[in-house]
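This is target.cif. It holds mmCIF, C-alpha atoms.
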```cif
data_final
#
loop_
_atom_site.group_PDB
_atom_site.id
_atom_site.type_symbol
_atom_site.label_atom_id
_atom_site.label_comp_id
_atom_site.auth_asym_id
_atom_site.auth_seq_id
_atom_site.Cartn_x
_atom_site.Cartn_y
_atom_site.Cartn_z
ATOM 1 C CA MET E 626 141.781 204.169 -31.937
ATOM 2 C CA GLU E 627 142.138 206.953 -34.499
ATOM 3 C CA HIS E 628 140.234 210.214 -34.451
ATOM 4 C CA SER E 629 138.648 211.989 -37.377
ATOM 5 C CA GLY E 630 141.039 214.552 -38.875
ATOM 6 C CA TYR E 631 144.011 213.229 -36.862
ATOM 7 C CA ALA E 632 144.947 209.985 -38.610
ATOM 8 C CA ASP E 633 148.360 209.755 -36.967
ATOM 9 C CA ILE E 634 147.497 211.450 -33.685
ATOM 10 C CA ARG E 635 146.075 209.656 -30.680
ATOM 11 C CA ILE E 636 144.807 210.428 -27.238
ATOM 12 C CA ALA E 637 147.804 210.063 -24.909
ATOM 13 C CA ALA E 638 146.197 207.171 -23.019
ATOM 14 C CA GLU E 639 145.795 205.242 -26.291
ATOM 15 C CA ALA E 640 149.229 206.016 -27.741
ATOM 16 C CA ALA E 641 152.219 203.691 -27.647
ATOM 17 C CA ALA E 642 154.325 203.946 -24.496
ATOM 18 C CA GLY E 643 157.182 205.762 -26.245
ATOM 19 C CA GLU E 644 154.859 208.248 -27.908
ATOM 20 C CA ARG E 645 153.045 208.892 -24.642
ATOM 21 C CA SER E 646 156.318 209.414 -22.762
ATOM 22 C CA ALA E 647 157.561 211.832 -25.413
ATOM 23 C CA PHE E 648 154.302 213.799 -25.176
ATOM 24 C CA ILE E 649 154.541 214.042 -21.384
ATOM 25 C CA ARG E 650 158.168 215.189 -21.610
ATOM 26 C CA ARG E 651 157.165 217.903 -24.094
ATOM 27 C CA VAL E 652 154.382 219.101 -21.808
ATOM 28 C CA TYR E 653 156.622 219.493 -18.767
ATOM 29 C CA ALA E 654 159.443 221.006 -20.803
ATOM 30 C CA HIS E 655 156.986 223.653 -21.976
ATOM 31 C CA VAL E 656 155.719 224.209 -18.420
ATOM 32 C CA ALA E 657 159.330 224.724 -17.294
ATOM 33 C CA GLY E 658 159.885 227.112 -20.203
ATOM 34 C CA ALA E 659 156.733 229.071 -19.327
ATOM 35 C CA ILE E 660 157.826 229.373 -15.683
ATOM 36 C CA LEU E 661 161.302 230.521 -16.733
ATOM 37 C CA LEU E 662 159.833 233.112 -19.118
ATOM 38 C CA PHE E 663 157.528 234.320 -16.330
ATOM 39 C CA VAL E 664 160.483 234.741 -13.948
ATOM 40 C CA VAL E 665 162.500 236.667 -16.545
ATOM 41 C CA LEU E 666 159.574 238.942 -17.411
ATOM 42 C CA GLU E 667 158.882 239.678 -13.752
ATOM 43 C CA TYR E 668 162.549 240.458 -13.086
ATOM 44 C CA VAL E 669 162.588 242.900 -15.985
ATOM 45 C CA LEU E 670 159.262 244.492 -15.047
ATOM 46 C CA LEU E 671 160.218 244.902 -11.383
ATOM 47 C CA HIS E 672 163.356 246.805 -12.378
ATOM 48 C CA MET E 673 161.863 249.120 -14.976
ATOM 49 C CA PRO E 674 161.802 252.848 -14.072
ATOM 50 C CA PHE E 675 158.078 253.160 -14.812
ATOM 51 C CA THR E 676 157.013 250.165 -12.677
ATOM 52 C CA ASN E 677 155.921 252.227 -9.680
ATOM 53 C CA LYS E 678 153.597 254.359 -11.811
ATOM 54 C CA LEU E 679 152.253 251.283 -13.611
ATOM 55 C CA VAL E 680 151.449 249.570 -10.321
ATOM 56 C CA GLU E 681 149.722 252.702 -9.022
ATOM 57 C CA MET E 682 147.648 252.855 -12.197
ATOM 58 C CA MET E 683 146.683 249.166 -11.930
ATOM 59 C CA ILE E 684 145.607 249.202 -8.282
ATOM 60 C CA GLY E 685 145.012 252.887 -7.698
ATOM 61 C CA THR E 686 141.279 252.340 -7.261
ATOM 62 C CA ARG E 687 139.018 249.340 -6.752
ATOM 63 C CA PHE E 688 137.594 249.793 -10.221
ATOM 64 C CA SER E 689 140.962 250.036 -11.970
ATOM 65 C CA TRP E 690 141.873 246.612 -10.555
ATOM 66 C CA LEU E 691 138.500 245.269 -11.676
ATOM 67 C CA VAL E 692 139.293 246.469 -15.208
ATOM 68 C CA VAL E 693 142.706 244.789 -15.014
ATOM 69 C CA LEU E 694 141.095 241.499 -13.962
ATOM 70 C CA ALA E 695 138.528 241.731 -16.769
ATOM 71 C CA LEU E 696 141.264 242.384 -19.335
ATOM 72 C CA PHE E 697 143.311 239.487 -17.966
ATOM 73 C CA MET E 698 140.358 237.123 -18.282
ATOM 74 C CA GLY E 699 139.738 238.270 -21.845
ATOM 75 C CA VAL E 700 143.380 237.887 -22.871
ATOM 76 C CA GLY E 701 143.555 234.534 -21.076
ATOM 77 C CA TYR E 702 140.542 233.263 -23.017
ATOM 78 C CA VAL E 703 142.066 234.322 -26.342
ATOM 79 C CA ALA E 704 145.471 232.871 -25.420
ATOM 80 C CA ASP E 705 143.914 229.532 -24.460
ATOM 81 C CA ARG E 706 141.986 229.383 -27.749
ATOM 82 C CA TRP E 707 145.172 230.088 -29.701
ATOM 83 C CA ALA E 708 147.124 227.495 -27.705
ATOM 84 C CA ARG E 709 144.486 224.922 -28.687
ATOM 85 C CA SER E 710 144.719 225.772 -32.388
ATOM 86 C CA ASP E 711 144.579 222.636 -34.549
ATOM 87 C CA THR E 712 145.774 224.392 -37.684
ATOM 88 C CA SER E 713 148.810 226.430 -36.641
ATOM 89 C CA PRO E 714 151.600 225.292 -34.279
ATOM 90 C CA GLY E 715 152.918 228.845 -34.434
ATOM 91 C CA MET E 716 149.618 230.178 -33.149
ATOM 92 C CA GLN E 717 149.782 227.693 -30.262
ATOM 93 C CA TYR E 718 153.103 229.137 -29.135
ATOM 94 C CA ILE E 719 151.868 232.702 -29.533
ATOM 95 C CA GLY E 720 148.954 231.793 -27.264
ATOM 96 C CA LEU E 721 151.262 230.346 -24.618
ATOM 97 C CA VAL E 722 153.624 233.338 -24.689
ATOM 98 C CA LEU E 723 150.683 235.760 -24.592
ATOM 99 C CA TYR E 724 149.268 233.996 -21.545
ATOM 100 C CA VAL E 725 152.621 234.076 -19.712
ATOM 101 C CA LEU E 726 152.927 237.795 -20.508
ATOM 102 C CA ALA E 727 149.404 238.418 -19.179
ATOM 103 C CA GLU E 728 150.257 236.533 -15.975
ATOM 104 C CA ALA E 729 153.463 238.531 -15.566
ATOM 105 C CA ILE E 730 151.555 241.809 -15.835
ATOM 106 C CA ILE E 731 148.737 240.872 -13.468
ATOM 107 C CA PHE E 732 151.261 239.542 -10.930
ATOM 108 C CA LEU E 733 153.252 242.778 -11.024
ATOM 109 C CA PRO E 734 151.447 244.681 -8.210
ATOM 110 C CA LEU E 735 151.555 241.696 -5.845
ATOM 111 C CA LEU E 736 155.237 240.996 -6.517
ATOM 112 C CA PHE E 737 156.090 244.707 -6.339
ATOM 113 C CA ILE E 738 154.561 244.942 -2.856
ATOM 114 C CA ALA E 739 156.198 241.666 -1.796
ATOM 115 C CA ALA E 740 159.605 242.763 -3.087
ATOM 116 C CA TYR E 741 159.675 246.334 -1.755
ATOM 117 C CA TYR E 742 157.197 246.573 1.115
ATOM 118 C CA THR E 743 157.626 243.386 3.145
ATOM 119 C CA LYS E 744 160.277 242.684 5.769
ATOM 120 C CA ASP E 745 161.295 239.251 4.494
ATOM 121 C CA PRO E 746 163.686 239.546 1.515
ATOM 122 C CA ASN E 747 163.177 235.853 0.733
ATOM 123 C CA ILE E 748 159.392 235.913 0.680
ATOM 124 C CA ILE E 749 159.074 235.557 -3.120
ATOM 125 C CA PRO E 750 161.578 232.699 -3.558
ATOM 126 C CA SER E 751 160.141 230.956 -0.477
ATOM 127 C CA ALA E 752 156.622 231.114 -1.933
ATOM 128 C CA GLY E 753 157.953 229.948 -5.289
ATOM 129 C CA LEU E 754 159.800 227.004 -3.751
ATOM 130 C CA LEU E 755 156.734 225.889 -1.798
ATOM 131 C CA THR E 756 154.605 226.186 -4.948
ATOM 132 C CA LEU E 757 156.985 224.032 -6.973
ATOM 133 C CA THR E 758 157.231 221.497 -4.142
ATOM 134 C CA LEU E 759 153.440 221.151 -3.959
ATOM 135 C CA PHE E 760 153.246 220.994 -7.755
ATOM 136 C CA ALA E 761 155.783 218.172 -7.821
ATOM 137 C CA GLY E 762 153.980 216.306 -5.030
ATOM 138 C CA LEU E 763 150.562 216.574 -6.684
ATOM 139 C CA THR E 764 152.001 215.605 -10.064
ATOM 140 C CA GLY E 765 153.728 212.609 -8.508
ATOM 141 C CA THR E 766 150.458 211.569 -6.859
ATOM 142 C CA VAL E 767 148.726 211.366 -10.235
ATOM 143 C CA PHE E 768 151.568 209.516 -11.943
ATOM 144 C CA ILE E 769 152.026 207.046 -9.103
ATOM 145 C CA THR E 770 148.369 206.305 -8.408
ATOM 146 C CA ARG E 771 147.278 206.648 -12.073
ATOM 147 C CA LYS E 772 143.913 207.800 -10.753
ATOM 148 C CA ASP E 773 141.591 209.602 -13.138
ATOM 149 C CA PHE E 774 140.734 212.982 -11.602
ATOM 150 C CA SER E 775 138.473 214.102 -14.450
ATOM 151 C CA PHE E 776 135.501 213.727 -12.064
ATOM 152 C CA MET E 777 136.699 216.943 -10.396
ATOM 153 C CA ARG E 778 135.720 219.116 -13.358
ATOM 154 C CA GLY E 779 132.300 220.076 -12.004
ATOM 155 C CA ILE E 780 133.632 220.755 -8.510
ATOM 156 C CA LEU E 781 136.445 222.928 -9.844
ATOM 157 C CA THR E 782 134.118 224.848 -12.165
ATOM 158 C CA VAL E 783 131.687 225.644 -9.361
ATOM 159 C CA GLY E 784 134.557 226.523 -7.021
ATOM 160 C CA SER E 785 136.046 228.870 -9.616
ATOM 161 C CA PHE E 786 132.770 230.716 -10.180
ATOM 162 C CA VAL E 787 132.216 231.074 -6.434
ATOM 163 C CA ALA E 788 135.765 232.370 -5.976
ATOM 164 C CA LEU E 789 135.368 234.828 -8.847
ATOM 165 C CA GLY E 790 132.129 236.081 -7.351
ATOM 166 C CA VAL E 791 133.766 236.601 -3.967
ATOM 167 C CA ILE E 792 136.711 238.432 -5.548
ATOM 168 C CA VAL E 793 134.462 240.756 -7.548
ATOM 169 C CA ALA E 794 132.305 241.417 -4.468
ATOM 170 C CA ALA E 795 135.430 242.198 -2.433
ATOM 171 C CA ILE E 796 136.556 244.716 -5.055
ATOM 172 C CA LEU E 797 133.128 246.357 -5.367
ATOM 173 C CA PHE E 798 132.298 246.510 -1.674
ATOM 174 C CA GLY E 799 135.795 246.977 -0.297
ATOM 175 C CA PHE E 800 136.141 244.052 2.099
ATOM 176 C CA ALA E 801 139.360 242.110 2.535
ATOM 177 C CA LEU E 802 139.895 238.555 1.350
ATOM 178 C CA GLY E 803 141.376 236.909 4.407
ATOM 179 C CA THR E 804 143.716 234.049 5.120
ATOM 180 C CA LEU E 805 140.988 231.411 4.882
ATOM 181 C CA PHE E 806 140.109 232.533 1.358
ATOM 182 C CA SER E 807 143.762 232.345 0.284
ATOM 183 C CA ALA E 808 144.076 228.863 1.807
ATOM 184 C CA ALA E 809 140.908 227.749 0.001
ATOM 185 C CA MET E 810 142.312 229.073 -3.276
ATOM 186 C CA VAL E 811 145.553 227.132 -2.772
ATOM 187 C CA ILE E 812 143.418 224.004 -2.376
ATOM 188 C CA LEU E 813 141.447 224.929 -5.522
ATOM 189 C CA ALA E 814 144.698 225.389 -7.451
ATOM 190 C CA GLY E 815 145.891 222.006 -6.169
ATOM 191 C CA GLY E 816 142.673 220.480 -7.473
ATOM 192 C CA TYR E 817 143.330 221.987 -10.894
ATOM 193 C CA ILE E 818 146.858 220.561 -10.915
ATOM 194 C CA LEU E 819 145.462 217.089 -10.168
ATOM 195 C CA TYR E 820 142.758 217.525 -12.813
ATOM 196 C CA TYR E 821 145.035 218.798 -15.587
ATOM 197 C CA THR E 822 147.769 216.263 -14.844
ATOM 198 C CA SER E 823 145.201 213.486 -15.066
ATOM 199 C CA ASN E 824 143.940 214.921 -18.363
ATOM 200 C CA ILE E 825 147.471 214.984 -19.740
ATOM 201 C CA MET E 826 147.755 211.259 -19.108
ATOM 202 C CA ARG E 827 144.268 210.358 -20.343
ATOM 203 C CA HIS E 828 142.460 212.953 -22.419
ATOM 204 C CA TYR E 829 144.820 215.270 -24.310
ATOM 205 C CA ARG E 830 145.935 214.341 -27.815
ATOM 206 C CA THR E 831 149.652 213.826 -28.243
ATOM 207 C CA ASP E 832 149.876 216.995 -30.377
ATOM 208 C CA GLN E 833 148.336 219.189 -27.654
ATOM 209 C CA HIS E 834 151.435 219.661 -25.518
ATOM 210 C CA VAL E 835 151.259 223.478 -25.776
ATOM 211 C CA ALA E 836 147.619 223.643 -24.635
ATOM 212 C CA ALA E 837 148.334 221.170 -21.823
ATOM 213 C CA SER E 838 151.340 223.162 -20.650
ATOM 214 C CA LEU E 839 149.307 226.390 -20.632
ATOM 215 C CA ALA E 840 146.640 224.746 -18.459
ATOM 216 C CA LEU E 841 149.220 223.459 -15.991
ATOM 217 C CA PHE E 842 151.091 226.766 -15.917
ATOM 218 C CA ALA E 843 147.825 228.583 -15.148
ATOM 219 C CA ALA E 844 147.186 226.274 -12.189
ATOM 220 C CA VAL E 845 150.738 226.710 -10.884
ATOM 221 C CA ALA E 846 150.459 230.495 -11.225
ATOM 222 C CA LEU E 847 147.169 230.482 -9.306
ATOM 223 C CA MET E 848 148.754 228.448 -6.512
ATOM 224 C CA PHE E 849 151.813 230.727 -6.379
ATOM 225 C CA TRP E 850 149.611 233.839 -6.149
ATOM 226 C CA TYR E 851 147.744 232.641 -3.085
ATOM 227 C CA ILE E 852 150.734 231.043 -1.375
ATOM 228 C CA LEU E 853 152.504 234.377 -1.714
ATOM 229 C CA ARG E 854 149.447 236.143 -0.274
ATOM 230 C CA LEU E 855 149.510 233.730 2.681
ATOM 231 C CA PHE E 856 153.186 234.460 3.262
ATOM 232 C CA MET E 857 152.568 238.219 3.028
ATOM 233 C CA SER E 858 149.720 238.005 5.546
ATOM 234 C CA ARG E 859 152.226 236.801 8.155
ATOM 235 C CA ASP E 860 154.613 239.674 7.523
#
```
Mind converting the file's structure to structure tokens?
Amino acid sequence: MEHSGYADIRIAAEAAAGERSAFIRRVYAHVAGAILLFVVLEYVLLHMPFTNKLVEMMIGTRFSWLVVLALFMGVGYVADRWARSDTSPGMQYIGLVLYVLAEAIIFLPLLFIAAYYTKDPNIIPSAGLLTLTLFAGLTGTVFITRKDFSFMRGILTVGSFVALGVIVAAILFGFALGTLFSAAMVILAGGYILYYTSNIMRHYRTDQHVAASLALFAAVALMFWYILRLFMSRD
């Protein structure tokens, strides 16, 4: 089945086996590249002389962090739109890099505290390893079962809005987001990994590997954030 404006491009589920396999390989190669870029950026940022002042500025008050979150959401929206560009492959890559950069910046306070103010020197790599293990397990579940998880879209959307509301309320009214909230967010992130992996197999076009990789990277980053928070809550 061909789609208007994309004579030689098919939905992955409708493409030939070789074309579909090549698309999936491109997606996960780009996810790996995004994760590597994120790690490099964080390493550089954590060792810059101005990092302490930057972190203080970002989380110095409840409202400064609210501004940071709002800016992140705005940049994330723009980056996702660029990554989905149908006219410019270059713009797609700019969108992906911009999103990884935005994630690296918003992660900086959490990683700074984890790196310099917790007792466990392995807390960041341990959280990262668990995140990648869960990511691999959830990805394998979709590929092995071939189940279509697109039905989760509504559940994930509602869950995301509820979570955002709770986060904003916590910032405005000064109450702590506890362990149960972090655990629920890990589950939500796992749901997104299932959903996006299923979409990669069934609903993305074979030229949308950059957009698909951005979506998966976002879900992995969300999971890593809350797994790290869980680890830090034990410290």
Which residues come within 8 Å of range 712-724 of chain E, counting only C-alpha atoms, excluding same-chain residues fewer than 2 positions away, as a ChimeraX atom specification?
/E:659,700-701,703-710,726-728,835-836,839
Write a file of the just-selected residues containing C-alpha atoms, as a short mmCIF file (atom, residue, chain, number, x, y, z; two decimals), in the coordinates of the input.
```cif
data_model
loop_
_atom_site.label_atom_id
_atom_site.label_comp_id
_atom_site.auth_asym_id
_atom_site.auth_seq_id
_atom_site.Cartn_x
_atom_site.Cartn_y
_atom_site.Cartn_z
CA ALA E 659 156.73 229.07 -19.33
CA VAL E 700 143.38 237.89 -22.87
CA GLY E 701 143.56 234.53 -21.08
CA VAL E 703 142.07 234.32 -26.34
CA ALA E 704 145.47 232.87 -25.42
CA ASP E 705 143.91 229.53 -24.46
CA ARG E 706 141.99 229.38 -27.75
CA TRP E 707 145.17 230.09 -29.70
CA ALA E 708 147.12 227.50 -27.70
CA ARG E 709 144.49 224.92 -28.69
CA SER E 710 144.72 225.77 -32.39
CA LEU E 726 152.93 237.80 -20.51
CA ALA E 727 149.40 238.42 -19.18
CA GLU E 728 150.26 236.53 -15.98
CA VAL E 835 151.26 223.48 -25.78
CA ALA E 836 147.62 223.64 -24.64
CA LEU E 839 149.31 226.39 -20.63
#
```
Contacts of range 842-846 of chain E at 8 Å or less, counting only C-alpha atoms, minus same-chain residues fewer than 5 places along, as a PyMOL selection string?
chain E and resi 656+659-660+728+756-757+760+814-815+817-818
I need the residue nearest Thr804 in chain E from this list: E:Ser823, E:Ser858, E:Thr764, E:Thr782. Use all atoms listed in the file for the distance.
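Using all atoms listed in the file, the shortest distance to Thr804 in chain E belongs to E:Ser858.
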For Gly799 in chain E, work out the shell of residues within 12 Å, counting all atoms listed in the file and skipping chain neighbours fewer than 4 positions away, then give it as a list in words.
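So the residues in contact are Thr686, Arg687, Phe688, Trp690, Leu691, Val791, Ile792, Val793, Ala794 and Ala795 of chain E.
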So that I can check the surroundings of Pro746 in chain E, please list as a list of chain:residue names every protein, DNA and RNA residue that reaches within 12 Å of it, counting all atoms listed in the file and ignoring chain neighbours fewer than 5 positions away.
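Surrounding residues, per the criterion: E:Leu736, E:Ile738, E:Ala739, E:Ala740, E:Tyr741, E:Ser751, E:Ala752, E:Phe856, E:Met857, E:Asp860.
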Give me the result of the PyMOL selection byres ((chain E and resi 652) around 9) on this file, residue by residue, as an MDAnalysis selection string.
chainID E and resid 647:651 653:657 825 833:839 841
Under the PyMOL selection byres ((chain E and resi 820) around 9), which residues of this model are included? Write them out as a list in words.
Val767, Asp773, Phe774, Ser775, Phe776, Met777, Arg778, Leu781, Gly815, Gly816, Tyr817, Ile818, Leu819, Tyr821, Thr822, Ser823, Asn824 and Ile825 of chain E
Quick one, how far is CA of Val725 in chain E from CA of Leu666 in chain E?
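These atoms are spaced 8.8 Å apart.
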Between CA of Ile730 in chain E and CA of His672 in chain E - distance in Å to one decimal
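Computed distance, CA of His672 in chain E to CA of Ile730 in chain E, equals 13.3 Å.
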Option closest in space to Arg771 in chain E, from E:Leu853, E:Leu847, E:Tyr668, E:Met826 [counting all atoms listed in the file]:
E:Met826
